[in-house]
6 protein chains.
Amino acid sequence: MSETTYKYFKVTVPEPWIAHVEIHRPGHLNAVSDDVWREMRVVFHRISIDPSVRSVVFSGSGEKAFSVGIDLKWISKEGSPFIPNPDEHVDPARRATALRRLGVELQECISSIEKCEKPVICTMHGYALGLATDICSAADVRICSKDTVFCVKEVDLGIASDVGILSRLPKAVGSYTWVKDVAMTGRNFGADEALRVGFVSSVLPTKKDAVDEAFKVARVLSEKSPVAVQTVKHFLDYSREHTVAEGLQYQLAYNISAIQAKDVPTAIAALKSKKRPVFEKL
Amino acid sequence: MSETTYKYFKVTVPEPWIAHVEIHRPGHLNAVSDDVWREMRVVFHRISIDPSVRSVVFSGSGEKAFSVGIDLKWISKEGSPFIPNPDEHVDPARRATALRRLGVELQECISSIEKCEKPVICTMHGYALGLATDICSAADVRICSKDTVFCVKEVDLGIASDVGILSRLPKAVGSYTWVKDVAMTGRNFGADEALRVGFVSSVLPTKKDAVDEAFKVARVLSEKSPVAVQTVKHFLDYSREHTVAEGLQYQLAYNISAIQAKDVPTAIAALKSKKRPVFEKL
Amino acid sequence: MSETTYKYFKVTVPEPWIAHVEIHRPGHLNAVSDDVWREMRVVFHRISIDPSVRSVVFSGSGEKAFSVGIDLKWISKEGSPFIPNPDEHVDPARRATALRRLGVELQECISSIEKCEKPVICTMHGYALGLATDICSAADVRICSKDTVFCVKEVDLGIASDVGILSRLPKAVGSYTWVKDVAMTGRNFGADEALRVGFVSSVLPTKKDAVDEAFKVARVLSEKSPVAVQTVKHFLDYSREHTVAEGLQYQLAYNISAIQAKDVPTAIAALKSKKRPVFEKL
Amino acid sequence: MSETTYKYFKVTVPEPWIAHVEIHRPGHLNAVSDDVWREMRVVFHRISIDPSVRSVVFSGSGEKAFSVGIDLKWISKEGSPFIPNPDEHVDPARRATALRRLGVELQECISSIEKCEKPVICTMHGYALGLATDICSAADVRICSKDTVFCVKEVDLGIASDVGILSRLPKAVGSYTWVKDVAMTGRNFGADEALRVGFVSSVLPTKKDAVDEAFKVARVLSEKSPVAVQTVKHFLDYSREHTVAEGLQYQLAYNISAIQAKDVPTAIAALKSKKRPVFEKL
Amino acid sequence: MSETTYKYFKVTVPEPWIAHVEIHRPGHLNAVSDDVWREMRVVFHRISIDPSVRSVVFSGSGEKAFSVGIDLKWISKEGSPFIPNPDEHVDPARRATALRRLGVELQECISSIEKCEKPVICTMHGYALGLATDICSAADVRICSKDTVFCVKEVDLGIASDVGILSRLPKAVGSYTWVKDVAMTGRNFGADEALRVGFVSSVLPTKKDAVDEAFKVARVLSEKSPVAVQTVKHFLDYSREHTVAEGLQYQLAYNISAIQAKDVPTAIAALKSKKRPVFEKL
Amino acid sequence: MSETTYKYFKVTVPEPWIAHVEIHRPGHLNAVSDDVWREMRVVFHRISIDPSVRSVVFSGSGEKAFSVGIDLKWISKEGSPFIPNPDEHVDPARRATALRRLGVELQECISSIEKCEKPVICTMHGYALGLATDICSAADVRICSKDTVFCVKEVDLGIASDVGILSRLPKAVGSYTWVKDVAMTGRNFGADEALRVGFVSSVLPTKKDAVDEAFKVARVLSEKSPVAVQTVKHFLDYSREHTVAEGLQYQLAYNISAIQAKDVPTAIAALKSKKRPVFEKL
């Protein structure tokens, strides 16, 4: 992977097969405005089809926050999508069309993490508020440090989020009463609560520990058949949205080519010989 | 909200914006017969469209029970829907039609809690058996006291519940083996087990504590934009039944008018000034 | 139930109404090849329609393993579905057709546990790896001993499982990040972790304890109305795949005949008299 | 059926088992305002559960029109749902809530025809414009006279209909290009075109002929088992919305009580003896 | 294909690649009882996986009828599924279970035509009543002779069909009012009406002409790539049940192995050289 | 709309509000290769958000063909997606990944017509073969000249189309037996047959007549409220993929902002005054 320069993201390849994506907006606690989310889509789209990457660690740069969420300065300006200019009397239906186009774009930018063909391990620390919780809910594996503070903040802006959290959270954790509690009250919740309800897989003492743990997982994934790992991600996301019967039918249709990969005899031989297998790029 | 007099329910407004609904059938441990569930629908339907209410606390009156569930005396009488009069030889298809109409009505009465536009925080204490478990599973947030005993009792009446619990429970908690265990055995489970599997959000020492906690949550909700809070409830219930992609599409269609609420600039201004926002009725 | 002799399964009726099914392939740690899964389908199909059985305990014979999963010897032979004979140049589309037919059959064999009309309580101990985890995920109630080791192993064979675990696991437990973690890494997880995420209902010290516990549950089920118990199993599996509204509609359509069972007055009379009810065969 | 007096509808029982419902707003060409659609719901709801009715003929009174659709005078008044009072500055989100509640009610009123348990044969003549086309698309069988003029008029009010035609039309006829043509252009189409695309079942020379033909069909239906006829209506509406596999599953669940009707042996005996069967009320 | 002897079916291979299946119950106008439908499943299952067959012509033997439908003698006997023995007082729920198992089996027997991997061209002539209409609606292409009489007869037995026609007919033709008309009235309809609404593809003067036409279509299909033809059948049946987006996703997953068939370069070379291609068995 | 120069398309604005898009590949009968379909996506994406366009006429330039479909020269070259280079031994799973990415892109390019916010009236003439039939099936209204020849050609390339026709055709016309016939045989069908089954809305004598007719429709659409027209297109495509109940719910959510358009009072006033309304850009 050639290391591209981005404005709001640092993307590096600290070891073979693993990309490290960092939201990087120092001085703003990685707050997210429209420029940030558009660039995020570019980042994940490129990684998705880059054969030299097999897994992704996603985190926020700096010590204080994964991200404080939407850039409050940006949205509270007159003329922002949320604060129309008082002089303009825009027709509600035409304002609706503009809002819909913006919304579709923001939804796609966040979904680019989920649609990235490579697994994304997201580590959160410090603040992970509002839009930041939306964003991390689109990742595959979530790991956080002890000090992380999450919230479904949008309700305090007078709106119900439509960019992901209210669609993904009921399918990401197993307690519907808890989901309604945090989404309607907008209250903060911490790392331990996130672990207890299953929103994160593990909690580590510090940001550094959390990122190290994410790299451990990423390394395990990068040593396996990329056909197998990427197909597992795809199958799980398919299953989340379909009945068991439909999941089985689709998986089989898809697998009858995937199973013909050379990776299968390679992996089986490695299992028997207990040597590390080597897989072709994908 | 004008305080209406009901036969089986006490409905009060102990503080602005918050309705308190109590099943109130003293001497019967709040047992539920057809008259009770029909009145329940009336209660929640009125609250749903009452602009002076922003959140609801739902509990059972008395110290012993949220409700013992279906009124055993009522259903075990000859001539009840379950014990046909032995002299009548009703055609099975015609008896089926009568049972279906009754069943649809009972389903709608219970679903009136879920369909109530305002969030419903349900507190359980003491017995919350059978039909009572069905009923509370239709609420948004569930809080209980330490002594609460739940069960999916219907199997002990020789029937599989068709009024809600077997539809909602698999989507309310995250352990499918646990759901099948309690639903097939009909065994009791207590507050701690309910918390562990995520069926309730929190467990408080006494009924009073649980109701106080429910009011705390209700108060938080009543101070936020009613557009936002009610939309969050609606979006989550929509998401539970749809794919992420469909959830995103619907939420955006809905939100392009909701986001035009004056509540949005009001809420953003309040966030910046750290003053409490005031929202118009809804 | 007449006790049939099987090659890979021991099927006994140690007490009235309860069948005990054991995978029995000593010397192979109950490894599963195509002959094994085809026989498994026969076993569960027969039990499904046997009126003398009301509940099933399913376990693995021997002390070391519920099952080590797919028979590695079988699949790593040249000419197996996964290791095509190098001399044959099979057309990829025709190999795909052969793989699809095999896959559909294997899916049906595993689903025969879920489709068995009688509830299946599965107890795991020792190894429960790969295909064994797929298999137990199709049971209704899962109980295991302290020493059980599970894993979603297929990724180490270079493939994404298409025989059930990736369809059922996201609906069996409540933490999606955990599901992706174990399914993509293929790492082992133990009894306590399985309990914490809700994959098993309870963990007992030894295999014997776990099987005893399974029989306790099976006994409770066998004393209830078989109409009610089997309908509950069916309704829950239906609800898992449908919206609440569709679940309610289907359940009512189905129940208007089930509720006409003599079991209902029998059960209600028993509840009132506190005597044990006796139900007709089903 | 007791003949109730309605304000906008004439409901008679000209022969046993058959109700005749007529929109009756002379001097307004049967135009439909909110009072009219609310009363329509009452009419069809009563018929739905009236055991003395087995089929319904639905038409418009007078010679000129089935109905000219929405009452243009009503909607073009200031203060109507579509023409807000210019002095009031209603918050777009709150106006949206009012519009949604009105819309849900109107949708339910129209759907009451489809949900009526008894089959509804609708005959159109003269004008059947806009909302009238929406309304007749909710009936089961459509018959019209030669002079009928239909259109999907809403686009000429500056809106896309959300009360039924755009949901039902693509499922009622088989030419999607034709559906888009008439729904986007709002152009008129006549009886012959309606027959050619399958929107109506037959075209008769005059209104009288069309109503007579509808009575013929209604009479055939009223002589058959009401269990069978009403179940066919219900199954077809279920199938329209579900896969074949889901249709088969639901129909069987439902039918296992319906098939136990005495109507089955009665009907079979009649078929063999070629005598007219007599069925119990439903 | 080895020509097996069946009791109720004649199966021949009159020319390479084409199987001819005839319902053959002389003296009973090909009436269908439980033995007949069970054998039909065996017939189509064998053909489905027989590589020497590429297309199927399905017809009824004799001059008078494709089939008169269900065997009225069989169902009108006491003790049949529809006429319970008056002495036995079977519990309605247990009778329901027996009816459900029978129903599932009959549904599967009819669906075996649809699930047959090879395309089935069905030709009807003379009577094609009730169950015969159910059966032919599961075929891929329907051709009939001028004299064919169809009907959805079940309503005259006092039941709503649950074995296919009410699920498939709304998706097989484009006029929903017509579907409701014929399914609720049970009236006969002829070849021309069937052609007009799109239930059959073509009408030929005589049975012989219709069978010849079916062989012409079958011959065209048998000369094409069997991978392509069978995949088209499968994709269309998938699309009928899914959204366009889901259809596209599934087709691509499936096709990425099918497209690797040698048939593709073979077919393209044939197209360019205008020579007849030769494809490997499937 | 600024007139952009394209390589394979001519895009003009011959009259206000109406864009004319022509496939323009003279000397190749408008054959479609990967460069062509990628450019087509650009064309329709730009028009989709261009406020100066209200309707689109889409046709093929030249007298002989709308388009002969996929560029046979391109796909029959060694190294094309369908004819792999014989020296390269590409792993089937990796070839599958490449094919899937190409397929997703091609699907999106064709779907760009359906997703274009403005209605697209497509006129076909002469050859409209294979991929050309796929393409026109994504348009809203289809009009053709007498001499048009269609076919679902892919089966003659040894493949089942996965780029749209097999998903859209079963929902575009009402005769499923006809769909299977033309899609499995790949046979040609002409304008009259296309009209009879409802694949086209009208047939005109010549290409010129057909294009003129398309402009007539486009002109009607361009004079109506663009909010209303575009919403109708969107609602119909939504309804095609959802149940009636879901359609109604979504339409209402969407409409509560669309109905607040100034277009509504403008349109109603115009209806009453019989003057032509003027609507703001969208």
# chains A, B, ... in the order shown; residues from 1 in each chain; ligands from 1
$ select_by_dssp --residues "range 11-115 of chain C" --states "strand (DSSP E or B)" --output "ChimeraX atom specification"
/C:11-15,17-23,32,53-60,65-67,70
$ write_last_selection --atoms "C-alpha atoms" --output "short mmCIF file (atom, residue, chain, number, x, y, z; two decimals), in the first residue's frame"
data_model
loop_
_atom_site.label_atom_id
_atom_site.label_comp_id
_atom_site.auth_asym_id
_atom_site.auth_seq_id
_atom_site.Cartn_x
_atom_site.Cartn_y
_atom_site.Cartn_z
CA VAL C 11 -30.09 -43.58 20.77
CA THR C 12 -31.73 -44.72 24.02
CA VAL C 13 -34.85 -43.93 26.01
CA PRO C 14 -33.56 -43.99 29.59
CA GLU C 15 -36.85 -42.76 30.98
CA TRP C 17 -40.72 -39.53 26.94
CA ILE C 18 -37.00 -38.64 26.85
CA ALA C 19 -34.67 -39.77 24.06
CA HIS C 20 -30.92 -39.63 24.61
CA VAL C 21 -28.93 -39.18 21.39
CA GLU C 22 -25.16 -39.63 21.59
CA ILE C 23 -22.64 -39.11 18.80
CA VAL C 32 -17.88 -36.01 11.78
CA VAL C 53 -40.72 -38.84 22.64
CA ARG C 54 -41.33 -35.41 24.16
CA SER C 55 -37.80 -34.11 24.63
CA VAL C 56 -34.27 -35.00 23.55
CA VAL C 57 -30.92 -34.88 25.30
CA PHE C 58 -28.07 -34.72 22.78
CA SER C 59 -24.46 -35.32 23.82
CA GLY C 60 -21.16 -36.89 22.71
CA ALA C 65 -15.09 -34.52 23.40
CA PHE C 66 -18.60 -33.70 22.37
CA SER C 67 -16.93 -33.85 18.95
CA ILE C 70 -15.03 -32.39 10.83
#
$ select_by_dssp --residues "range 101-132 of chain D" --states "helix (DSSP H, G or I)" --output "mmCIF file with N, CA and C atoms, in the first residue's frame"
data_model
loop_
_atom_site.group_PDB
_atom_site.id
_atom_site.type_symbol
_atom_site.label_atom_id
_atom_site.label_comp_id
_atom_site.auth_asym_id
_atom_site.auth_seq_id
_atom_site.Cartn_x
_atom_site.Cartn_y
_atom_site.Cartn_z
ATOM 1 N N ARG D 101 -50.543 11.955 11.315
ATOM 2 C CA ARG D 101 -51.712 11.353 11.977
ATOM 3 C C ARG D 101 -52.914 11.306 11.033
ATOM 4 N N LEU D 102 -53.119 12.391 10.282
ATOM 5 C CA LEU D 102 -54.206 12.408 9.311
ATOM 6 C C LEU D 102 -53.994 11.330 8.247
ATOM 7 N N GLY D 103 -52.769 11.229 7.782
ATOM 8 C CA GLY D 103 -52.456 10.273 6.724
ATOM 9 C C GLY D 103 -52.662 8.833 7.166
ATOM 10 N N VAL D 104 -52.226 8.518 8.370
ATOM 11 C CA VAL D 104 -52.420 7.160 8.883
ATOM 12 C C VAL D 104 -53.908 6.841 8.923
ATOM 13 N N GLU D 105 -54.699 7.805 9.363
ATOM 14 C CA GLU D 105 -56.140 7.558 9.456
ATOM 15 C C GLU D 105 -56.751 7.326 8.071
ATOM 16 N N LEU D 106 -56.380 8.161 7.111
ATOM 17 C CA LEU D 106 -56.922 7.990 5.764
ATOM 18 C C LEU D 106 -56.489 6.650 5.165
ATOM 19 N N GLN D 107 -55.235 6.288 5.378
ATOM 20 C CA GLN D 107 -54.763 4.973 4.887
ATOM 21 C C GLN D 107 -55.601 3.851 5.492
ATOM 22 N N GLU D 108 -55.872 3.936 6.785
ATOM 23 C CA GLU D 108 -56.656 2.881 7.433
ATOM 24 C C GLU D 108 -58.086 2.832 6.901
ATOM 25 N N CYS D 109 -58.636 4.002 6.625
ATOM 26 C CA CYS D 109 -60.010 4.027 6.104
ATOM 27 C C CYS D 109 -60.083 3.316 4.757
ATOM 28 N N ILE D 110 -59.121 3.582 3.891
ATOM 29 C CA ILE D 110 -59.125 2.923 2.588
ATOM 30 C C ILE D 110 -58.825 1.432 2.743
ATOM 31 N N SER D 111 -57.871 1.116 3.594
ATOM 32 C CA SER D 111 -57.529 -0.295 3.784
ATOM 33 C C SER D 111 -58.657 -1.088 4.426
ATOM 34 N N SER D 112 -59.646 -0.404 5.003
ATOM 35 C CA SER D 112 -60.754 -1.143 5.621
ATOM 36 C C SER D 112 -61.507 -1.970 4.577
ATOM 37 N N ILE D 113 -61.449 -1.577 3.313
ATOM 38 C CA ILE D 113 -62.079 -2.370 2.243
ATOM 39 C C ILE D 113 -61.300 -3.672 2.047
ATOM 40 N N GLU D 114 -59.990 -3.546 1.988
ATOM 41 C CA GLU D 114 -59.144 -4.731 1.810
ATOM 42 C C GLU D 114 -59.229 -5.637 3.038
ATOM 43 N N LYS D 115 -59.317 -5.036 4.219
ATOM 44 C CA LYS D 115 -59.334 -5.832 5.452
ATOM 45 C C LYS D 115 -60.704 -6.404 5.780
ATOM 46 N N LEU D 131 -58.600 9.992 -5.818
ATOM 47 C CA LEU D 131 -58.874 9.215 -4.613
ATOM 48 C C LEU D 131 -59.854 8.085 -4.895
ATOM 49 N N ALA D 132 -60.727 8.241 -5.878
ATOM 50 C CA ALA D 132 -61.661 7.167 -6.226
ATOM 51 C C ALA D 132 -60.918 5.970 -6.808
#
$ interface_residues --of "chain C" --to "chain E" --cutoff "7 Å" --atoms "only C-alpha atoms" --output "mmCIF file with N, CA and C atoms, in the first residue's frame"
data_model
loop_
_atom_site.group_PDB
_atom_site.id
_atom_site.type_symbol
_atom_site.label_atom_id
_atom_site.label_comp_id
_atom_site.auth_asym_id
_atom_site.auth_seq_id
_atom_site.Cartn_x
_atom_site.Cartn_y
_atom_site.Cartn_z
ATOM 1 N N ASP C 91 -14.131 -28.743 -14.648
ATOM 2 C CA ASP C 91 -14.633 -27.418 -14.964
ATOM 3 C C ASP C 91 -15.099 -26.745 -13.668
ATOM 4 N N PRO C 92 -14.661 -25.508 -13.389
ATOM 5 C CA PRO C 92 -15.058 -24.876 -12.126
ATOM 6 C C PRO C 92 -16.571 -24.818 -11.917
ATOM 7 N N ALA C 93 -17.329 -24.633 -12.981
ATOM 8 C CA ALA C 93 -18.788 -24.555 -12.818
ATOM 9 C C ALA C 93 -19.360 -25.923 -12.457
ATOM 10 N N ARG C 94 -18.793 -26.980 -13.015
ATOM 11 C CA ARG C 94 -19.295 -28.317 -12.678
ATOM 12 C C ARG C 94 -18.831 -28.735 -11.288
ATOM 13 N N ALA C 96 -18.484 -26.647 -8.981
ATOM 14 C CA ALA C 96 -19.389 -25.845 -8.155
ATOM 15 C C ALA C 96 -20.727 -26.548 -7.947
ATOM 16 N N SER C 257 -55.981 -23.536 16.062
ATOM 17 C CA SER C 257 -56.277 -24.962 16.222
ATOM 18 C C SER C 257 -55.591 -25.526 17.463
ATOM 19 N N ALA C 258 -54.375 -25.094 17.735
ATOM 20 C CA ALA C 258 -53.646 -25.648 18.890
ATOM 21 C C ALA C 258 -54.404 -25.388 20.190
ATOM 22 N N GLN C 260 -57.442 -25.388 20.680
ATOM 23 C CA GLN C 260 -58.602 -26.256 20.834
ATOM 24 C C GLN C 260 -58.225 -27.635 21.396
ATOM 25 N N ALA C 261 -56.935 -27.820 21.691
ATOM 26 C CA ALA C 261 -56.486 -29.096 22.262
ATOM 27 C C ALA C 261 -57.161 -29.343 23.606
ATOM 28 N N LYS C 262 -57.432 -30.617 23.877
ATOM 29 C CA LYS C 262 -57.917 -30.975 25.220
ATOM 30 C C LYS C 262 -56.886 -30.619 26.279
ATOM 31 N N LEU C 282 -48.659 -37.033 21.204
ATOM 32 C CA LEU C 282 -48.738 -36.150 20.038
ATOM 33 C C LEU C 282 -47.766 -36.661 18.987
#
$ residues_around --residues "Thr133 in chain E" --least-positions-apart "3" --cutoff "10 Å" --atoms "only C-alpha atoms" --output "list in words"
Phe66, Ser67, Val68, Gly69, Met124, Tyr127, Ala128, Leu129, Gly130, Cys136, Ser137, Ala138, Val149, Phe150, Cys151, Val152, Lys153, Gly164, Ile165 and Leu169 of chain E
$ atom_distance --atom1 "CA of Gly186 in chain E" --atom2 "CA of Val155 in chain E"
6.1 Å
$ residues_around --residues "range 202-208 of chain D" --least-positions-apart "4" --cutoff "7 Å" --atoms "only C-alpha atoms" --output "list of chain:residue names"
D:His125, D:Ile143, D:Cys144, D:Ser145, D:Lys146, D:Ala191, D:Leu195, D:Asp212
$ write_last_selection --atoms "C-alpha atoms" --output "tab-separated table (two decimals), in the first residue's frame"
chain	number	residue	atom	x	y	z
D	125	HIS	CA	-68.91	4.02	-13.80
D	143	ILE	CA	-65.91	-4.37	-12.78
D	144	CYS	CA	-66.73	-1.22	-14.72
D	145	SER	CA	-69.01	0.22	-17.33
D	146	LYS	CA	-67.81	1.28	-20.75
D	191	ALA	CA	-62.49	1.09	-19.38
D	195	LEU	CA	-59.31	-4.18	-19.00
D	212	ASP	CA	-75.90	-6.60	-12.28
$ atom_distance --atom1 "CA of Asp50 in chain C" --atom2 "CA of Ser33 in chain C"
26.3 Å
$ decode --residues "range 139-163 of chain A" --atoms "C-alpha atoms" --output "PDB file, in the first residue's frame"
ATOM      1  CA  ALA A 139     -16.579  -1.419  12.528  1.00  0.00           C
ATOM      2  CA  ASP A 140     -16.243  -5.187  12.892  1.00  0.00           C
ATOM      3  CA  VAL A 141     -14.483  -5.566  16.244  1.00  0.00           C
ATOM      4  CA  ARG A 142     -14.590  -2.905  18.966  1.00  0.00           C
ATOM      5  CA  ILE A 143     -11.931  -2.670  21.700  1.00  0.00           C
ATOM      6  CA  CYS A 144     -11.622   0.224  24.124  1.00  0.00           C
ATOM      7  CA  SER A 145      -9.568   1.594  26.960  1.00  0.00           C
ATOM      8  CA  LYS A 146     -10.861   1.895  30.508  1.00  0.00           C
ATOM      9  CA  ASP A 147     -11.439   5.655  30.232  1.00  0.00           C
ATOM     10  CA  THR A 148     -13.660   5.631  27.172  1.00  0.00           C
ATOM     11  CA  VAL A 149     -16.921   7.561  27.357  1.00  0.00           C
ATOM     12  CA  PHE A 150     -19.604   6.808  24.781  1.00  0.00           C
ATOM     13  CA  CYS A 151     -22.966   8.386  24.142  1.00  0.00           C
ATOM     14  CA  VAL A 152     -25.764   8.499  21.592  1.00  0.00           C
ATOM     15  CA  LYS A 153     -25.720  12.258  21.726  1.00  0.00           C
ATOM     16  CA  GLU A 154     -27.925  13.291  18.798  1.00  0.00           C
ATOM     17  CA  VAL A 155     -31.041  13.586  20.957  1.00  0.00           C
ATOM     18  CA  ASP A 156     -29.402  16.577  22.661  1.00  0.00           C
ATOM     19  CA  LEU A 157     -29.188  18.312  19.288  1.00  0.00           C
ATOM     20  CA  GLY A 158     -32.935  17.931  19.000  1.00  0.00           C
ATOM     21  CA  ILE A 159     -32.676  15.172  16.426  1.00  0.00           C
ATOM     22  CA  ALA A 160     -32.844  11.408  16.176  1.00  0.00           C
ATOM     23  CA  SER A 161     -29.708  10.078  14.529  1.00  0.00           C
ATOM     24  CA  ASP A 162     -30.272   8.751  11.026  1.00  0.00           C
ATOM     25  CA  VAL A 163     -26.696   7.926  10.172  1.00  0.00           C
TER      26      VAL A 163
END
